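S.K.: Following this message is one structure expressed as C-alpha cells.
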Amino acid sequence: MVAGIILAAGRSTRMGTAKALLLTPDGVTFVARLIRTLVRGGIDAPLVVGRSDDVRLQAEVDSAGARLVSNPDADEGGQLSSLLAGLRKVDRPGVRGVMVIPVDAPMVMPDTIARLIAVFTETSGPIIRARYRGRNGHPVIFSRSLFEELRHASPDAGAKAVVRAHQDDIINVDVDDPGVVGDIDTPEDYRNLVD
C-alpha cells in the first residue's frame, strides 16, 4: 500500500493568503482538489498536514472527507517537519511507501497518481518521481526503505538531501501532465493558473 501526504502547513507568505484554500479554475480549493485527485488515483485516505490553529483548513479538509494532521513544528522545522508529522501517522504494517505532494501543486491529474503507484508496485524503487518534459516535479513516492533516512535528515536540507543521496536510484516517470511542475507560490503564479 502507498499512503498519501499533502503538505499544507506553510505560512504562504509569498502568496499573501492561504494557498490551500485558493480556488482552482474548476472552483475547488487546492487542498480539496488534491484530496480528490489522490483518492481517484488510488491513494486510500490521504492525510493533510497543517497547523493546529488553522481552523479554515481543518473545515475544508473535513468537508473533503480527509483527515488533518497537526504539525506543531512547522515554523522551525519547515517542510521536512510536515512530511515527518504525516509519516508518523501513516507508518504502519502494510505501508510500503509514501506519496508526498505540496498543496501548491494542485493541478496534478489522477492518472499521474495511478501511474506513479503502478511504477512503484512494479519496481519497488526507493524514489519514484513525476517528470514532465524533462522537468522533475511532484508527487514523489518514498519507499519504506528510506523512512529512517527521512526521519534523520537535516532540517536544513530536508527531504532533498535524501533525494540527492539516492540520485542514481531515482525512477523518473515521464507523464503528460504539466500539473506535476506546477508550483503556485505567488499572486502572479495564481493569476497565470486561473487566467
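Residue numbers start at 1 in each chain; chains themselves are named A, B, ... in the order of the C-alpha cells; ligands are numbered from 1 in the order shown.
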Might you pull out every residue within 10 Å of Ala114 in chain A, with only C-alpha atoms counted and same-chain residues fewer than 6 positions away left off, and present them as a PyMOL selection string?

M.R.: chain A and resi 37-43+120

S.K.: If you count only C-alpha atoms, which residues fall within 9 Å of Thr29 in chain A, apart from same-chain ones fewer than 3 positions away, as a list in words?

M.R.: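 Near Thr29 in chain A, the qualifying residues are Lys19, Ala20, Leu21, Leu22, Leu23, Thr24, Asp26, Ala32, Arg33, Leu34, Glu60 and Pro106 of chain A.
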
S.K.: For the atom pair CA of Gly97 in chain A and CA of Ala3 in chain A, what is the interatomic distance in Å to one decimal place?

M.R.: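 If I compute the distance from CA of Gly97 in chain A to CA of Ala3 in chain A, I get 6.4 Å.
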
S.K.: Considering only C-alpha atoms, can you say which of A:Ile170, A:Val55, A:Ala18, A:Leu193 comes closest to Asn136 in chain A?

M.R.: A:Ile170

S.K.: Using only C-alpha atoms, find each residue of range 95-123 of chain A with at least one atom at most 10 Å away from an atom of range 86-91 of chain A; report its shortest atom-to-atom pair and that distance in Å (one decimal), sort the rows by chain and rising residue number, and return the result as a Markdown table.

M.R.:
```
| residue | atom | partner | partner_atom | distance |
| --- | --- | --- | --- | --- |
| A:Val95 | CA | A:Asp91 | CA | 6.3 |
| A:Arg96 | CA | A:Asp91 | CA | 8.8 |
| A:Gly97 | CA | A:Asp91 | CA | 8.8 |
| A:Val98 | CA | A:Leu87 | CA | 7.7 |
| A:Val100 | CA | A:Gly86 | CA | 9.3 |
```

S.K.: What separation in Å, quoted to one decimal, exists between CA of Glu188 in chain A and CA of Tyr132 in chain A?

M.R.: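 Answer for the CA of Glu188 in chain A to CA of Tyr132 in chain A separation: 21.6 Å.
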
S.K.: Hey, what's within 9 Å of Ile128 in chain A if we count only C-alpha atoms and toss same-chain stuff fewer than 6 positions away? As a ChimeraX atom specification, please?

M.R.: /A:99,116-117,119-120,139-143,170-173

S.K.: Please produce an output containing C-alpha atoms for each residue in the selection, written as a tab-separated table (two decimals), in the first residue's frame.

M.R.:
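This went into selection.tsv:
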```
chain	number	residue	atom	x	y	z
A	99	MET	CA	3.48	9.65	-1.74
A	116	LEU	CA	3.39	6.51	-10.15
A	117	ILE	CA	1.79	3.89	-7.90
A	119	VAL	CA	5.64	2.03	-11.34
A	120	PHE	CA	6.38	1.79	-7.62
A	139	PRO	CA	4.40	13.95	-6.39
A	140	VAL	CA	7.27	11.83	-5.15
A	141	ILE	CA	6.97	8.34	-3.65
A	142	PHE	CA	9.49	7.36	-0.98
A	143	SER	CA	9.87	3.65	-0.32
A	170	ILE	CA	15.54	7.51	-8.65
A	171	ILE	CA	12.98	6.27	-11.14
A	172	ASN	CA	11.68	9.28	-13.04
A	173	VAL	CA	8.27	8.71	-14.58
```

S.K.: Run DSSP on the backbone and tell me which residues of chain A come out as alpha helix (DSSP H); list them as a compact mmCIF listing (two decimals) with C-alpha atoms, in the first residue's frame.

M.R.:
```txt
# COMPACT_ATOMS: atom_id res chain seq x y z
CA PHE A 30 -6.33 23.47 -3.86
CA VAL A 31 -6.49 21.09 -0.90
CA ALA A 32 -9.88 19.59 -1.80
CA ARG A 33 -8.76 19.04 -5.39
CA LEU A 34 -5.59 17.27 -4.27
CA ILE A 35 -7.52 15.06 -1.85
CA ARG A 36 -9.90 14.09 -4.64
CA THR A 37 -7.04 13.55 -7.10
CA LEU A 38 -5.11 11.27 -4.77
CA VAL A 39 -8.20 9.21 -3.96
CA ARG A 40 -9.12 8.87 -7.65
CA GLY A 41 -5.54 7.87 -8.41
CA VAL A 55 -9.49 26.23 11.55
CA ARG A 56 -10.40 27.11 7.97
CA LEU A 57 -8.09 24.41 6.62
CA GLN A 58 -9.49 21.95 9.17
CA ALA A 59 -13.03 22.67 7.99
CA GLU A 60 -12.08 22.29 4.32
CA VAL A 61 -10.23 19.02 4.93
CA ASP A 62 -13.18 17.69 6.94
CA SER A 63 -15.65 18.61 4.20
CA ALA A 74 6.03 23.89 11.04
CA ASP A 75 7.81 27.21 11.60
CA GLU A 76 11.07 25.82 12.96
CA GLY A 77 11.20 22.53 11.07
CA GLY A 78 10.00 23.59 7.65
CA GLN A 79 8.58 21.23 5.06
CA LEU A 80 10.53 18.22 6.33
CA SER A 81 8.82 18.50 9.71
CA SER A 82 5.45 18.33 7.94
CA LEU A 83 6.49 15.26 5.99
CA LEU A 84 7.60 13.63 9.25
CA ALA A 85 4.37 14.58 11.05
CA GLY A 86 2.45 12.84 8.29
CA LEU A 87 4.83 9.88 8.24
CA ARG A 88 4.26 9.31 11.96
CA LYS A 89 0.56 8.89 11.24
CA VAL A 90 0.76 6.70 8.13
CA PRO A 110 -5.42 11.28 -11.10
CA ASP A 111 -3.84 9.32 -13.97
CA THR A 112 -0.43 10.58 -12.85
CA ILE A 113 -1.06 9.34 -9.31
CA ALA A 114 -2.11 5.94 -10.64
CA ARG A 115 0.92 5.75 -12.95
CA LEU A 116 3.39 6.51 -10.15
CA ILE A 117 1.79 3.89 -7.90
CA ALA A 118 1.95 1.35 -10.72
CA VAL A 119 5.64 2.03 -11.34
CA PHE A 120 6.38 1.79 -7.62
CA THR A 121 4.49 -1.50 -7.39
CA GLU A 122 6.32 -2.91 -10.42
CA THR A 123 9.82 -1.80 -9.43
CA PHE A 147 11.69 6.22 6.06
CA GLU A 148 14.54 6.17 8.60
CA GLU A 149 16.73 8.35 6.40
CA LEU A 150 13.89 10.85 6.16
CA ARG A 151 13.49 10.79 9.93
CA ALA A 159 13.91 15.51 2.02
CA LYS A 160 16.03 16.92 -0.82
CA ALA A 161 19.11 15.54 0.95
CA VAL A 162 17.61 12.05 0.82
CA VAL A 163 16.72 12.54 -2.84
CA ARG A 164 20.29 13.68 -3.62
CA ALA A 165 21.78 10.74 -1.70
CA PRO A 187 -0.03 36.02 -6.79
CA GLU A 188 1.43 36.08 -10.32
CA ASP A 189 1.61 32.26 -10.36
CA TYR A 190 -2.01 32.14 -9.28
CA ARG A 191 -3.14 34.65 -11.94
CA ASN A 192 -1.40 32.52 -14.58
CA LEU A 193 -3.28 29.47 -13.31
CA VAL A 194 -6.76 30.97 -13.34
```

S.K.: Select from range 33-123 of chain A everything DSSP, run on the backbone, classes as strand (DSSP E or B), then give the selection as a compact mmCIF listing (two decimals) with N, CA and C atoms, in the first residue's frame.

M.R.:
```
# COMPACT_ATOMS: atom_id res chain seq x y z
N LEU A 47 -3.70 11.98 3.94
CA LEU A 47 -3.66 12.91 5.07
C LEU A 47 -3.21 14.28 4.58
N VAL A 48 -3.69 15.30 5.25
CA VAL A 48 -3.23 16.67 5.01
C VAL A 48 -2.51 17.12 6.27
N VAL A 49 -1.30 17.63 6.12
CA VAL A 49 -0.56 18.14 7.27
C VAL A 49 -0.68 19.65 7.26
N GLY A 50 -1.18 20.19 8.37
CA GLY A 50 -1.36 21.63 8.50
C GLY A 50 -1.02 22.10 9.90
N ARG A 67 -8.40 13.72 6.61
CA ARG A 67 -8.01 13.99 7.99
C ARG A 67 -6.85 14.95 8.02
N LEU A 68 -6.93 15.93 8.92
CA LEU A 68 -5.84 16.90 9.10
C LEU A 68 -4.95 16.43 10.23
N VAL A 69 -3.66 16.42 9.97
CA VAL A 69 -2.66 16.10 10.98
C VAL A 69 -1.93 17.40 11.31
N SER A 70 -1.82 17.70 12.58
CA SER A 70 -1.20 18.94 13.01
C SER A 70 0.32 18.81 13.05
N GLY A 97 5.21 2.42 0.98
CA GLY A 97 5.76 3.68 0.54
C GLY A 97 4.82 4.81 0.86
N VAL A 98 5.33 6.04 0.72
CA VAL A 98 4.50 7.21 0.98
C VAL A 98 4.65 8.18 -0.19
N MET A 99 3.51 8.64 -0.68
CA MET A 99 3.48 9.65 -1.74
C MET A 99 3.33 11.02 -1.09
N VAL A 100 4.20 11.93 -1.46
CA VAL A 100 4.22 13.26 -0.87
C VAL A 100 4.01 14.30 -1.96
N ILE A 101 3.10 15.25 -1.66
CA ILE A 101 2.85 16.33 -2.62
C ILE A 101 2.54 17.61 -1.86
N PRO A 102 3.14 18.73 -2.27
CA PRO A 102 2.81 20.01 -1.63
C PRO A 102 1.48 20.54 -2.15
```

S.K.: Could you work out how far CA of Met109 in chain A lies from CA of Val180 in chain A, giving the answer in Å with one decimal?

M.R.: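 So the two atoms, CA of Val180 in chain A and CA of Met109 in chain A, lie 8.3 Å apart.
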
S.K.: Of the candidates A:Gly134, A:Gly125, A:Gly65, A:Pro93, which shows the shortest atom-to-atom distance to Leu146 in chain A, using only C-alpha atoms?

M.R.: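 Among the listed residues, the smallest separation from Leu146 in chain A belongs to A:Gly125.
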